[in-house]
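Here's the structure, in structure tokens; my notes come after.
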Amino acid sequence: MTEALKRTPLYQEHVASGARLVPFGGWTMPVQYTGIVEEHRATRGAVGLFDVSHMGEFEVEGPGALAALQYLTTNDVAALQVGQIQYSVLCYPSGTIVDDLTVYRMGDARYMITVNAGNIDKDWAHVTKSTAHVKDARWRDASDGTGLVAVQGPKAEALVGRLTDRDVTTIGYYRFAHGHVAGVPTVISRSGYTGEDGFELYVPADGTAKLWKALQAAGRADGATLVGLGARDTLRLEMKYALYGNDIDETTNPLEAGLGWVVKPAKGEFIGREALEKIRAEGLRRRLVGIEMVDRAVARHAYPVSKDGCAVGIVTSGSYGPSVDRYIGIAYVETARASVGTKLDVEIRGQGKAAQVVRTPFYPSKVKKPG
């Protein structure tokens, strides 16, 4: 018997909007509304609205909260100020990846972490069991009570600004503030998964539909567009942002995935530290690189990559990139073949199609960095 798919607080809104709904990570989610390329370009050119309420949110508080997160995550949580966000990774003792996540410092001894939808149950078991020895760290799974809407694109700041009681222009990149958007209490987070400036808005589940409708109404003149998982995938691919289950998983480690910048062994003990230090010392056997198809073809997940007839890697993500007008992908490739300009072949239906390693991101980031 298959388990019933979960629905976000916006499920009925998606049905009413004519979205094409698909199963994703145990949820029924909109893959597209009008079309992937159209939704992608609307996000880059104006503003896109995304339902990401399927993501998981865990809260941890108490005198031991920092110690718990320092032990769980690879990045240095002690560096966070209240109101700041940090990208990080949960690892197994082997150094491979449980999940990637964001850490929010909500107060002096209170934090929130946002995890991937398909990993909520696995991550909850991992964080609670792994920190059972830490005193005074109280965990709460807030996922079911939380809605999450992403507003991304060059007109995102103006749109959210019109609906909120906060001056959102003062919220820096990877920082957040509390306020009300469309009258709904919101954690306004300047972050995202598209490479565009924008926000992720955390709200009570029962206020999500009100927020969603208000954003559509207030953004209509700006070309605000509903965006599904299809365009979310092409947008993040152009930035070479990793997707759990495609580019990173329990068989990969953060160093080979290009996430060494969030691995901070100097902070002290954390799960996977010893294994990752050993991997770093021995040298990486493969790296996650950006590839561009020279031949007109789409490199898909799990397609083999070869060089001079010898297997040298595997594609993890690939698609047409609407903003760059090229067929692009991400692949693990042997370190010796991972330098920019290296010519490779991607095996597509038994035929080698020409590709090459290129610099990433494929599309320049437009996020609003501190001035």
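Just so we're on the same page: first chain in the structure tokens is A, next is B, and so on; residues restart at 1 for each chain, and ligands are numbered from 1 in the order they show up.
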
As a list in words, please: the residues near Leu284 of chain A (cut-off 9 Å, only C-alpha atoms, same-chain neighbours under 4 positions excluded).
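Close residues of Leu284 of chain A: Leu255, Glu256, Ile279, Arg280, Glu334 and Thr335 of chain A.
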
Quick one: pick out all helix (DSSP H, G or I) residues within segment 97-272 of chain A from a backbone DSSP run and write them as number ranges by chain.
A: 117-130, 156-163, 168-170, 205-222, 229-238, 260-262, 265-267

Given the selection you just returned, output its residues as a file containing C-alpha atoms, formatted as an mmCIF file, in the first residue's frame.
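Contents of result_37.cif, freshly written:
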data_model
loop_
_atom_site.group_PDB
_atom_site.id
_atom_site.type_symbol
_atom_site.label_atom_id
_atom_site.label_comp_id
_atom_site.auth_asym_id
_atom_site.auth_seq_id
_atom_site.Cartn_x
_atom_site.Cartn_y
_atom_site.Cartn_z
ATOM 1 C CA ALA A 117 11.068 18.034 1.867
ATOM 2 C CA GLY A 118 11.900 14.450 0.978
ATOM 3 C CA ASN A 119 14.300 14.213 3.929
ATOM 4 C CA ILE A 120 12.105 15.523 6.766
ATOM 5 C CA ASP A 121 11.588 12.188 8.538
ATOM 6 C CA LYS A 122 15.176 11.022 7.980
ATOM 7 C CA ASP A 123 16.616 14.360 9.116
ATOM 8 C CA TRP A 124 14.399 14.523 12.204
ATOM 9 C CA ALA A 125 15.609 11.077 13.300
ATOM 10 C CA HIS A 126 19.212 12.068 12.570
ATOM 11 C CA VAL A 127 19.231 15.376 14.459
ATOM 12 C CA THR A 128 17.360 14.127 17.518
ATOM 13 C CA LYS A 129 19.245 10.836 17.920
ATOM 14 C CA SER A 130 22.659 12.352 17.181
ATOM 15 C CA ALA A 156 10.799 40.961 -5.673
ATOM 16 C CA GLU A 157 12.007 43.666 -3.297
ATOM 17 C CA ALA A 158 9.457 46.207 -4.529
ATOM 18 C CA LEU A 159 6.602 43.681 -4.407
ATOM 19 C CA VAL A 160 7.310 42.455 -0.870
ATOM 20 C CA GLY A 161 8.029 46.035 0.207
ATOM 21 C CA ARG A 162 4.552 47.160 -0.839
ATOM 22 C CA LEU A 163 2.906 44.532 1.347
ATOM 23 C CA VAL A 168 12.931 45.230 3.414
ATOM 24 C CA THR A 169 15.676 47.211 1.668
ATOM 25 C CA THR A 170 17.639 47.052 4.940
ATOM 26 C CA ALA A 205 0.326 27.423 7.598
ATOM 27 C CA ASP A 206 -3.170 28.890 7.933
ATOM 28 C CA GLY A 207 -1.965 32.285 6.649
ATOM 29 C CA THR A 208 -0.202 30.956 3.547
ATOM 30 C CA ALA A 209 -3.151 31.234 1.144
ATOM 31 C CA LYS A 210 -3.839 34.850 2.207
ATOM 32 C CA LEU A 211 -0.194 35.755 1.543
ATOM 33 C CA TRP A 212 -0.177 33.913 -1.812
ATOM 34 C CA LYS A 213 -3.277 35.724 -3.065
ATOM 35 C CA ALA A 214 -2.020 39.113 -1.874
ATOM 36 C CA LEU A 215 1.324 38.653 -3.656
ATOM 37 C CA GLN A 216 -0.458 37.762 -6.907
ATOM 38 C CA ALA A 217 -2.818 40.729 -6.679
ATOM 39 C CA ALA A 218 -0.127 43.256 -5.719
ATOM 40 C CA GLY A 219 2.301 41.922 -8.316
ATOM 41 C CA ARG A 220 -0.031 41.676 -11.290
ATOM 42 C CA ALA A 221 1.125 44.962 -12.842
ATOM 43 C CA ASP A 222 4.767 43.869 -12.408
ATOM 44 C CA LEU A 229 9.211 22.939 -9.729
ATOM 45 C CA GLY A 230 10.232 22.678 -13.389
ATOM 46 C CA ALA A 231 11.456 26.274 -13.651
ATOM 47 C CA ARG A 232 12.779 26.158 -10.074
ATOM 48 C CA ASP A 233 15.039 23.358 -11.319
ATOM 49 C CA THR A 234 16.301 25.202 -14.424
ATOM 50 C CA LEU A 235 16.871 28.384 -12.407
ATOM 51 C CA ARG A 236 18.967 26.610 -9.765
ATOM 52 C CA LEU A 237 20.806 24.599 -12.452
ATOM 53 C CA GLU A 238 21.995 27.825 -14.145
ATOM 54 C CA GLY A 260 34.194 22.636 1.023
ATOM 55 C CA TRP A 261 33.571 26.309 1.853
ATOM 56 C CA VAL A 262 30.951 25.236 4.431
ATOM 57 C CA PRO A 265 37.134 21.639 10.860
ATOM 58 C CA ALA A 266 38.786 24.385 12.915
ATOM 59 C CA LYS A 267 35.543 24.907 14.874
#

Nearest to Gly341 of chain A: which of A:Glu292, A:Glu39, A:Asp308, A:Glu13 is it, counting only C-alpha atoms?
A:Glu292

What does the structure give for the distance between atom CA of Val82 of chain A and atom CA of Gly107 of chain A, in Å to one decimal?
5.5 Å

Separation of atom CA of Gln12 of chain A from atom CA of Tyr104 of chain A in Å:
29.8 Å

Nearest-residue call for Gly83 of chain A, choices A:Val22, A:Ile171, A:Ile97, A:Val151, using only C-alpha atoms:
A:Ile171

Would you mind listing what lies within 8 Å of Ser53 of chain A as a list of chain:residue names, with only C-alpha atoms counted and same-chain residues fewer than 4 positions away left out?
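In the requested form, the answer reads A:Thr8, A:Pro9, A:Thr146, A:Gly147, A:Leu148, A:Val149.
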
Could you pull out the strand (DSSP E) residues of segment 188-326 of chain A from DSSP and send them as a PyMOL selection string?
chain A and resi 188-189+198-204+225-227+286-293+304-307+310-321+326

Skip Ile36 of chain A itself and residues of its chain fewer than 5 positions away, then list as a tab-separated table (two decimals) with C-alpha atoms, in the first residue's frame all residues within 12 Å of it, counting only C-alpha atoms.
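Below is the file that was written, part-v2.tsv:
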chain	number	residue	atom	x	y	z
A	19	ALA	CA	-1.20	23.84	-12.34
A	20	ARG	CA	0.11	20.52	-13.54
A	30	PRO	CA	3.00	22.01	-9.11
A	31	VAL	CA	5.62	21.26	-11.76
A	41	ARG	CA	12.09	33.93	-17.84
A	42	ALA	CA	9.43	35.69	-15.79
A	43	THR	CA	11.54	35.08	-12.66
A	48	GLY	CA	8.26	34.66	-9.69
A	225	THR	CA	4.13	34.82	-12.26
A	226	LEU	CA	3.38	31.55	-10.47
A	227	VAL	CA	6.38	29.23	-10.85
A	228	GLY	CA	6.48	25.46	-10.48
A	229	LEU	CA	9.21	22.94	-9.73
A	230	GLY	CA	10.23	22.68	-13.39
A	231	ALA	CA	11.46	26.27	-13.65
A	232	ARG	CA	12.78	26.16	-10.07
A	233	ASP	CA	15.04	23.36	-11.32
A	234	THR	CA	16.30	25.20	-14.42
A	235	LEU	CA	16.87	28.38	-12.41
A	319	SER	CA	18.60	20.64	-18.98
A	320	TYR	CA	18.21	23.46	-21.45
A	321	GLY	CA	19.14	26.74	-19.71
A	322	PRO	CA	16.60	29.34	-20.88
A	323	SER	CA	18.64	32.35	-19.66

When you look at Pro154 of chain A with a cut-off of 8 Å (counting only C-alpha atoms), what residues show up, excluding the ones that are within fewer than 2 positions of it in the same chain? I need them as a list in words.
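Near neighbours after the sequence-gap exclusion: Thr43, Arg44, Gly45, Ala46, Val47, Gln152, Ala156, Glu157, Glu196, Asp197 and Gly198 of chain A.
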
Which is closest to Phe50 of chain A among A:Thr194, A:Thr316, A:Asn116, A:Asn253, if we use only C-alpha atoms?
A:Thr194

Applying 12 Å and only C-alpha atoms, which residues near Tyr241 of chain A remain after dropping the ones on its own chain fewer than 5 positions away? List them as a list in words.
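Here the qualifying residues turn out to be Tyr87, Asp100, Gly192, Tyr193, Thr194, Gly195, Arg232, Asp233, Thr234, Leu235, Arg236, Asn246, Asp247, Ile248, Ala257, Gly258, Leu259, Leu288, Val289, Gly290, Thr316, Ser317, Gly329, Ile330, Thr360, Pro361, Phe362, Tyr363 and Ser365 of chain A.
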
Please produce a file of the residues just selected, as a PDB file, in the first residue's frame, where the atoms kept are N, CA and C atoms.
ATOM      1  N   TYR A  87      24.280  28.692   5.252  1.00  0.00           N
ATOM      2  CA  TYR A  87      24.131  27.444   4.488  1.00  0.00           C
ATOM      3  C   TYR A  87      25.077  26.419   5.088  1.00  0.00           C
ATOM      4  N   ASP A 100      21.507  18.910   2.805  1.00  0.00           N
ATOM      5  CA  ASP A 100      21.991  20.288   2.923  1.00  0.00           C
ATOM      6  C   ASP A 100      20.851  21.110   3.508  1.00  0.00           C
ATOM      7  N   GLY A 192      17.328  32.456  -1.228  1.00  0.00           N
ATOM      8  CA  GLY A 192      16.656  31.887  -2.392  1.00  0.00           C
ATOM      9  C   GLY A 192      17.498  30.844  -3.085  1.00  0.00           C
ATOM     10  N   TYR A 193      16.930  30.310  -4.166  1.00  0.00           N
ATOM     11  CA  TYR A 193      17.511  29.152  -4.845  1.00  0.00           C
ATOM     12  C   TYR A 193      17.543  29.392  -6.353  1.00  0.00           C
ATOM     13  N   THR A 194      17.528  30.688  -6.753  1.00  0.00           N
ATOM     14  CA  THR A 194      17.413  31.008  -8.175  1.00  0.00           C
ATOM     15  C   THR A 194      18.576  31.823  -8.717  1.00  0.00           C
ATOM     16  N   GLY A 195      19.359  32.461  -7.830  1.00  0.00           N
ATOM     17  CA  GLY A 195      20.396  33.387  -8.265  1.00  0.00           C
ATOM     18  C   GLY A 195      19.898  34.794  -8.415  1.00  0.00           C
ATOM     19  N   ARG A 232      11.905  26.082 -11.261  1.00  0.00           N
ATOM     20  CA  ARG A 232      12.779  26.158 -10.074  1.00  0.00           C
ATOM     21  C   ARG A 232      14.051  25.353 -10.326  1.00  0.00           C
ATOM     22  N   ASP A 233      13.895  24.214 -11.025  1.00  0.00           N
ATOM     23  CA  ASP A 233      15.039  23.358 -11.319  1.00  0.00           C
ATOM     24  C   ASP A 233      15.967  23.992 -12.348  1.00  0.00           C
ATOM     25  N   THR A 234      15.427  24.593 -13.410  1.00  0.00           N
ATOM     26  CA  THR A 234      16.301  25.202 -14.424  1.00  0.00           C
ATOM     27  C   THR A 234      16.971  26.465 -13.877  1.00  0.00           C
ATOM     28  N   LEU A 235      16.279  27.193 -13.020  1.00  0.00           N
ATOM     29  CA  LEU A 235      16.871  28.384 -12.407  1.00  0.00           C
ATOM     30  C   LEU A 235      18.054  28.010 -11.514  1.00  0.00           C
ATOM     31  N   ARG A 236      17.877  26.996 -10.680  1.00  0.00           N
ATOM     32  CA  ARG A 236      18.967  26.610  -9.765  1.00  0.00           C
ATOM     33  C   ARG A 236      20.107  25.943 -10.547  1.00  0.00           C
ATOM     34  N   ASN A 246      19.836  14.451  -6.479  1.00  0.00           N
ATOM     35  CA  ASN A 246      20.426  14.490  -7.817  1.00  0.00           C
ATOM     36  C   ASN A 246      21.937  14.643  -7.748  1.00  0.00           C
ATOM     37  N   ASP A 247      22.378  15.773  -7.186  1.00  0.00           N
ATOM     38  CA  ASP A 247      23.801  16.137  -7.200  1.00  0.00           C
ATOM     39  C   ASP A 247      24.517  15.754  -5.915  1.00  0.00           C
ATOM     40  N   ILE A 248      23.781  15.694  -4.824  1.00  0.00           N
ATOM     41  CA  ILE A 248      24.352  15.279  -3.537  1.00  0.00           C
ATOM     42  C   ILE A 248      23.403  14.285  -2.879  1.00  0.00           C
ATOM     43  N   ALA A 257      31.659  17.767  -3.862  1.00  0.00           N
ATOM     44  CA  ALA A 257      30.495  18.480  -4.392  1.00  0.00           C
ATOM     45  C   ALA A 257      30.719  19.981  -4.491  1.00  0.00           C
ATOM     46  N   GLY A 258      31.947  20.439  -4.159  1.00  0.00           N
ATOM     47  CA  GLY A 258      32.244  21.870  -4.238  1.00  0.00           C
ATOM     48  C   GLY A 258      31.704  22.658  -3.062  1.00  0.00           C
ATOM     49  N   LEU A 259      31.396  21.958  -1.971  1.00  0.00           N
ATOM     50  CA  LEU A 259      30.850  22.618  -0.783  1.00  0.00           C
ATOM     51  C   LEU A 259      31.866  22.681   0.356  1.00  0.00           C
ATOM     52  N   LEU A 288      32.557  17.845  -8.720  1.00  0.00           N
ATOM     53  CA  LEU A 288      31.307  18.210  -9.376  1.00  0.00           C
ATOM     54  C   LEU A 288      31.564  19.450 -10.232  1.00  0.00           C
ATOM     55  N   VAL A 289      31.385  19.314 -11.534  1.00  0.00           N
ATOM     56  CA  VAL A 289      31.724  20.396 -12.467  1.00  0.00           C
ATOM     57  C   VAL A 289      30.522  20.763 -13.332  1.00  0.00           C
ATOM     58  N   GLY A 290      30.596  21.944 -13.915  1.00  0.00           N
ATOM     59  CA  GLY A 290      29.607  22.360 -14.894  1.00  0.00           C
ATOM     60  C   GLY A 290      30.016  21.904 -16.275  1.00  0.00           C
ATOM     61  N   THR A 316      24.737  14.448 -13.088  1.00  0.00           N
ATOM     62  CA  THR A 316      23.797  14.463 -11.970  1.00  0.00           C
ATOM     63  C   THR A 316      22.572  15.317 -12.256  1.00  0.00           C
ATOM     64  N   SER A 317      22.719  16.387 -13.038  1.00  0.00           N
ATOM     65  CA  SER A 317      21.589  17.232 -13.444  1.00  0.00           C
ATOM     66  C   SER A 317      21.883  17.778 -14.834  1.00  0.00           C
ATOM     67  N   GLY A 329      24.694  21.211 -17.841  1.00  0.00           N
ATOM     68  CA  GLY A 329      24.535  20.147 -16.870  1.00  0.00           C
ATOM     69  C   GLY A 329      25.589  20.223 -15.780  1.00  0.00           C
ATOM     70  N   ILE A 330      25.435  19.351 -14.802  1.00  0.00           N
ATOM     71  CA  ILE A 330      26.381  19.192 -13.704  1.00  0.00           C
ATOM     72  C   ILE A 330      26.764  17.724 -13.675  1.00  0.00           C
ATOM     73  N   THR A 360      31.430  27.940 -13.826  1.00  0.00           N
ATOM     74  CA  THR A 360      30.100  28.136 -13.250  1.00  0.00           C
ATOM     75  C   THR A 360      30.159  29.262 -12.228  1.00  0.00           C
ATOM     76  N   PRO A 361      29.022  29.908 -11.925  1.00  0.00           N
ATOM     77  CA  PRO A 361      27.700  29.584 -12.448  1.00  0.00           C
ATOM     78  C   PRO A 361      27.578  29.878 -13.937  1.00  0.00           C
ATOM     79  N   PHE A 362      26.638  29.195 -14.585  1.00  0.00           N
ATOM     80  CA  PHE A 362      26.410  29.407 -16.006  1.00  0.00           C
ATOM     81  C   PHE A 362      25.835  30.798 -16.245  1.00  0.00           C
ATOM     82  N   TYR A 363      25.062  31.286 -15.257  1.00  0.00           N
ATOM     83  CA  TYR A 363      24.395  32.580 -15.348  1.00  0.00           C
ATOM     84  C   TYR A 363      24.846  33.420 -14.158  1.00  0.00           C
ATOM     85  N   SER A 365      25.053  35.606 -10.921  1.00  0.00           N
ATOM     86  CA  SER A 365      24.144  35.810  -9.790  1.00  0.00           C
ATOM     87  C   SER A 365      23.730  37.275  -9.676  1.00  0.00           C
TER      88      SER A 365
END

Selected residue of minimal separation from Asp144 of chain A among A:Met55, A:Leu69, A:Ala224, A:Ala109, counting only C-alpha atoms
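Of all the options, A:Met55 lies closest to Asp144 of chain A.
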